[in-house]
Amino acid sequence: MKILAVDTASKSCSVAIVHNDFLMAEITVASGHTHSKHLMDMIDTVIRLSGLSVSDLDGFAVTKGPGSFTGLRIGISSIKGLAAGSGKPVVSVSSLETLAMQSGQSCRLICPILDARKGEVYFSRYRLCDGILKREIEEQVRPPIQAVWDLDEPCLLIGDGAFFYKELISKQIGELANFAPPFDNMIRASTVAHISMVRFKSENTDDLGELVPSYIRKSDAELSFRKKQPSFNL
């Protein structure tokens with residue numbers, strides 16, 4: 001099964017093609033530019049490097065969030081376009097789950113953290129034992145201190161939010177904090193493809209019409225609209 005996977009949930013952008021358990025090609029960049037400037041070029045390059053064409057692919061995988069509102073829209077709309085044009089299925093994957101999966105084989109607690117800006121982070125908690133990833137708490141958006149304040153056991157922290165707030169987290173939980181190497185904090189599209197394989201094989205794919213980003217936090221436009229609405233005291 002050949003899967004083209006894309007991640008645009010954070011400041012980095014990643015595209016990969018995986019054939020079963022074999023990585024055929026992968027490109028990951030963190031240029032700081034909007035992903036719309038290079039995503040389609042990256043997709044074309046990965047397809048060319050793998051020696052395949054779109055018709056050779058069996059499906060597409062993409063991170064659905066949480067993460068950058070603009071980034072998620074770019075990634076999901078691009079993949080939906082490719083899927084609609086080729087008639088191939090799509091599987092969407094949590095960006096936090098992807099980070100947890102690429103943390104390495106260990107039964108220790110894993111806390112993936114993505115920078116949500118405005119002094120907040122997206123986070124969840126997982127354990128990865130014998131290749132099986134289990135989520136222990138729901139995906140949330142909170143200030144970084146609230147993401148770790150109740151930890152009472154050693155935890156591997158991974159993601160750009162963990163890197164950005166490393167000093168603050170270390171002061172909060174001390175020796176319980178174990179940080180992933182900096183190069184592991186970027187989401188890799190090959191991991192997105194790996195996670196998606198189980199659902200592809202069981203034909204548990206997404207409905208294109210219902211595939212939308214998982215933002216968790218409301219957009220600035222929604223918050224501004226609510227503030228402008230009149231309140232009525234009955």
# chains A, B, ... in the order shown; residues from 1 in each chain; ligands from 1

call {"tool": "select_by_dssp", "arguments": {"residues": "stretch 149-186 of chain A", "states": "helix (DSSP H, G or I)", "output": "MDAnalysis selection string"}}
result
chainID A and resid 160:164 166:176 182:184

call {"tool": "closest_atom_pairs", "arguments": {"of": "stretch 52-128 of chain A", "to": "stretch 148-163 of chain A", "cutoff": "8 Å", "atoms": "only C-alpha atoms", "output": "tab-separated table"}}
result
residue	atom	partner	partner_atom	distance
A:Leu99	CA	A:Gly159	CA	6.7
A:Ala100	CA	A:Ile158	CA	7.4
A:Ser103	CA	A:Ile158	CA	7.2
A:Arg108	CA	A:Cys155	CA	6.5
A:Leu109	CA	A:Cys155	CA	4.9
A:Ile110	CA	A:Leu156	CA	4.8
A:Cys111	CA	A:Leu157	CA	4.9
A:Pro112	CA	A:Ile158	CA	4.8
A:Ile113	CA	A:Gly161	CA	4.9
A:Leu114	CA	A:Gly161	CA	4.2
A:Asp115	CA	A:Gly161	CA	4.1
A:Ala116	CA	A:Gly161	CA	7.7
A:Val121	CA	A:Gly161	CA	6.3
A:Tyr122	CA	A:Gly161	CA	7.9

call {"tool": "select_by_dssp", "arguments": {"residues": "stretch 49-123 of chain A", "states": "strand (DSSP E or B)", "output": "list in words"}}
result
Gly59, Phe60, Ala61, Val62, Thr63, Lys64, Gly65, Val90, Val91, Ser92, Val93, Ser94, Ser106, Cys107, Arg108, Leu109, Ile110, Cys111, Pro112, Ile113, Leu114, Asp115, Ala116, Arg117, Glu120, Val121, Tyr122 and Phe123 of chain A

call {"tool": "write_last_selection", "arguments": {"atoms": "N, CA and C atoms", "output": "PDB file, in the first residue's frame"}}
result
ATOM      1  N   GLY A  59      -3.705   5.946  -1.532  1.00  0.00           N
ATOM      2  CA  GLY A  59      -4.459   6.840  -0.676  1.00  0.00           C
ATOM      3  C   GLY A  59      -3.606   7.978  -0.171  1.00  0.00           C
ATOM      4  N   PHE A  60      -4.257   8.874   0.578  1.00  0.00           N
ATOM      5  CA  PHE A  60      -3.606  10.058   1.112  1.00  0.00           C
ATOM      6  C   PHE A  60      -3.873  10.157   2.616  1.00  0.00           C
ATOM      7  N   ALA A  61      -2.893  10.680   3.342  1.00  0.00           N
ATOM      8  CA  ALA A  61      -3.050  10.901   4.779  1.00  0.00           C
ATOM      9  C   ALA A  61      -2.649  12.329   5.096  1.00  0.00           C
ATOM     10  N   VAL A  62      -3.305  12.922   6.102  1.00  0.00           N
ATOM     11  CA  VAL A  62      -3.031  14.316   6.432  1.00  0.00           C
ATOM     12  C   VAL A  62      -3.316  14.548   7.910  1.00  0.00           C
ATOM     13  N   THR A  63      -2.542  15.430   8.527  1.00  0.00           N
ATOM     14  CA  THR A  63      -2.839  15.817   9.908  1.00  0.00           C
ATOM     15  C   THR A  63      -4.049  16.743   9.913  1.00  0.00           C
ATOM     16  N   LYS A  64      -4.977  16.482  10.844  1.00  0.00           N
ATOM     17  CA  LYS A  64      -6.207  17.269  10.925  1.00  0.00           C
ATOM     18  C   LYS A  64      -6.161  18.296  12.059  1.00  0.00           C
ATOM     19  N   GLY A  65      -5.090  18.288  12.847  1.00  0.00           N
ATOM     20  CA  GLY A  65      -4.979  19.216  13.959  1.00  0.00           C
ATOM     21  C   GLY A  65      -4.876  18.469  15.274  1.00  0.00           C
ATOM     22  N   VAL A  90      -8.877   8.961   1.779  1.00  0.00           N
ATOM     23  CA  VAL A  90      -8.089   9.819   2.674  1.00  0.00           C
ATOM     24  C   VAL A  90      -8.299   9.388   4.118  1.00  0.00           C
ATOM     25  N   VAL A  91      -7.228   9.443   4.901  1.00  0.00           N
ATOM     26  CA  VAL A  91      -7.303   9.232   6.342  1.00  0.00           C
ATOM     27  C   VAL A  91      -6.675  10.449   7.023  1.00  0.00           C
ATOM     28  N   SER A  92      -7.385  11.031   7.973  1.00  0.00           N
ATOM     29  CA  SER A  92      -6.838  12.154   8.739  1.00  0.00           C
ATOM     30  C   SER A  92      -6.329  11.659  10.085  1.00  0.00           C
ATOM     31  N   VAL A  93      -5.276  12.295  10.567  1.00  0.00           N
ATOM     32  CA  VAL A  93      -4.565  11.840  11.765  1.00  0.00           C
ATOM     33  C   VAL A  93      -4.333  13.023  12.698  1.00  0.00           C
ATOM     34  N   SER A  94      -4.408  12.806  13.997  1.00  0.00           N
ATOM     35  CA  SER A  94      -4.123  13.844  14.979  1.00  0.00           C
ATOM     36  C   SER A  94      -2.644  14.229  14.943  1.00  0.00           C
ATOM     37  N   SER A 106       8.672   3.159  24.053  1.00  0.00           N
ATOM     38  CA  SER A 106       8.864   3.214  25.504  1.00  0.00           C
ATOM     39  C   SER A 106       7.499   3.270  26.162  1.00  0.00           C
ATOM     40  N   CYS A 107       7.372   2.653  27.328  1.00  0.00           N
ATOM     41  CA  CYS A 107       6.090   2.677  28.037  1.00  0.00           C
ATOM     42  C   CYS A 107       5.965   3.886  28.967  1.00  0.00           C
ATOM     43  N   ARG A 108       6.949   4.779  28.918  1.00  0.00           N
ATOM     44  CA  ARG A 108       6.851   5.977  29.756  1.00  0.00           C
ATOM     45  C   ARG A 108       5.767   6.910  29.219  1.00  0.00           C
ATOM     46  N   LEU A 109       5.343   7.814  30.057  1.00  0.00           N
ATOM     47  CA  LEU A 109       4.328   8.776  29.672  1.00  0.00           C
ATOM     48  C   LEU A 109       4.905   9.739  28.633  1.00  0.00           C
ATOM     49  N   ILE A 110       4.097  10.036  27.604  1.00  0.00           N
ATOM     50  CA  ILE A 110       4.503  10.952  26.538  1.00  0.00           C
ATOM     51  C   ILE A 110       3.538  12.129  26.523  1.00  0.00           C
ATOM     52  N   CYS A 111       4.077  13.331  26.506  1.00  0.00           N
ATOM     53  CA  CYS A 111       3.252  14.530  26.470  1.00  0.00           C
ATOM     54  C   CYS A 111       3.626  15.367  25.243  1.00  0.00           C
ATOM     55  N   PRO A 112       2.922  15.174  24.119  1.00  0.00           N
ATOM     56  CA  PRO A 112       3.165  16.023  22.947  1.00  0.00           C
ATOM     57  C   PRO A 112       2.569  17.406  23.170  1.00  0.00           C
ATOM     58  N   ILE A 113       3.347  18.440  22.852  1.00  0.00           N
ATOM     59  CA  ILE A 113       2.917  19.820  23.080  1.00  0.00           C
ATOM     60  C   ILE A 113       3.231  20.657  21.845  1.00  0.00           C
ATOM     61  N   LEU A 114       2.208  21.289  21.296  1.00  0.00           N
ATOM     62  CA  LEU A 114       2.379  22.180  20.154  1.00  0.00           C
ATOM     63  C   LEU A 114       2.077  23.617  20.566  1.00  0.00           C
ATOM     64  N   ASP A 115       2.888  24.530  20.092  1.00  0.00           N
ATOM     65  CA  ASP A 115       2.668  25.947  20.381  1.00  0.00           C
ATOM     66  C   ASP A 115       1.365  26.414  19.737  1.00  0.00           C
ATOM     67  N   ALA A 116       0.447  26.951  20.546  1.00  0.00           N
ATOM     68  CA  ALA A 116      -0.831  27.464  20.046  1.00  0.00           C
ATOM     69  C   ALA A 116      -0.830  28.989  19.984  1.00  0.00           C
ATOM     70  N   ARG A 117       0.320  29.588  20.310  1.00  0.00           N
ATOM     71  CA  ARG A 117       0.472  31.051  20.370  1.00  0.00           C
ATOM     72  C   ARG A 117      -0.431  31.631  21.455  1.00  0.00           C
ATOM     73  N   GLU A 120      -0.468  29.944  24.920  1.00  0.00           N
ATOM     74  CA  GLU A 120      -1.127  28.659  25.140  1.00  0.00           C
ATOM     75  C   GLU A 120      -0.479  27.572  24.302  1.00  0.00           C
ATOM     76  N   VAL A 121      -0.784  26.317  24.667  1.00  0.00           N
ATOM     77  CA  VAL A 121      -0.281  25.170  23.919  1.00  0.00           C
ATOM     78  C   VAL A 121      -1.410  24.159  23.717  1.00  0.00           C
ATOM     79  N   TYR A 122      -1.296  23.394  22.641  1.00  0.00           N
ATOM     80  CA  TYR A 122      -2.148  22.217  22.450  1.00  0.00           C
ATOM     81  C   TYR A 122      -1.402  21.027  23.044  1.00  0.00           C
ATOM     82  N   PHE A 123      -2.099  20.163  23.765  1.00  0.00           N
ATOM     83  CA  PHE A 123      -1.398  19.033  24.365  1.00  0.00           C
ATOM     84  C   PHE A 123      -2.342  17.870  24.632  1.00  0.00           C
TER      85      PHE A 123
END

call {"tool": "residues_around", "arguments": {"residues": "A:Gly32", "least_positions_apart": "4", "cutoff": "10 Å", "atoms": "only C-alpha atoms", "output": "MDAnalysis selection string"}}
result
chainID A and resid 11:13

call {"tool": "closest_atom_pairs", "arguments": {"of": "stretch 29-57 of chain A", "to": "stretch 75-80 of chain A", "cutoff": "10 Å", "atoms": "only C-alpha atoms", "output": "JSON lines"}}
result
{"residue": "A:His35", "atom": "CA", "partner": "A:Gly75", "partner_atom": "CA", "distance": 8.1}
{"residue": "A:Ser36", "atom": "CA", "partner": "A:Gly75", "partner_atom": "CA", "distance": 8.4}
{"residue": "A:Leu39", "atom": "CA", "partner": "A:Gly75", "partner_atom": "CA", "distance": 7.9}
{"residue": "A:Met40", "atom": "CA", "partner": "A:Ser78", "partner_atom": "CA", "distance": 7.8}
{"residue": "A:Ile43", "atom": "CA", "partner": "A:Ser78", "partner_atom": "CA", "distance": 9.8}

call {"tool": "closest_residue", "arguments": {"among": "A:Leu52, A:Ile169, A:Cys129, A:Ala30", "to": "A:Ile3", "atoms": "only C-alpha atoms"}}
result
A:Leu52
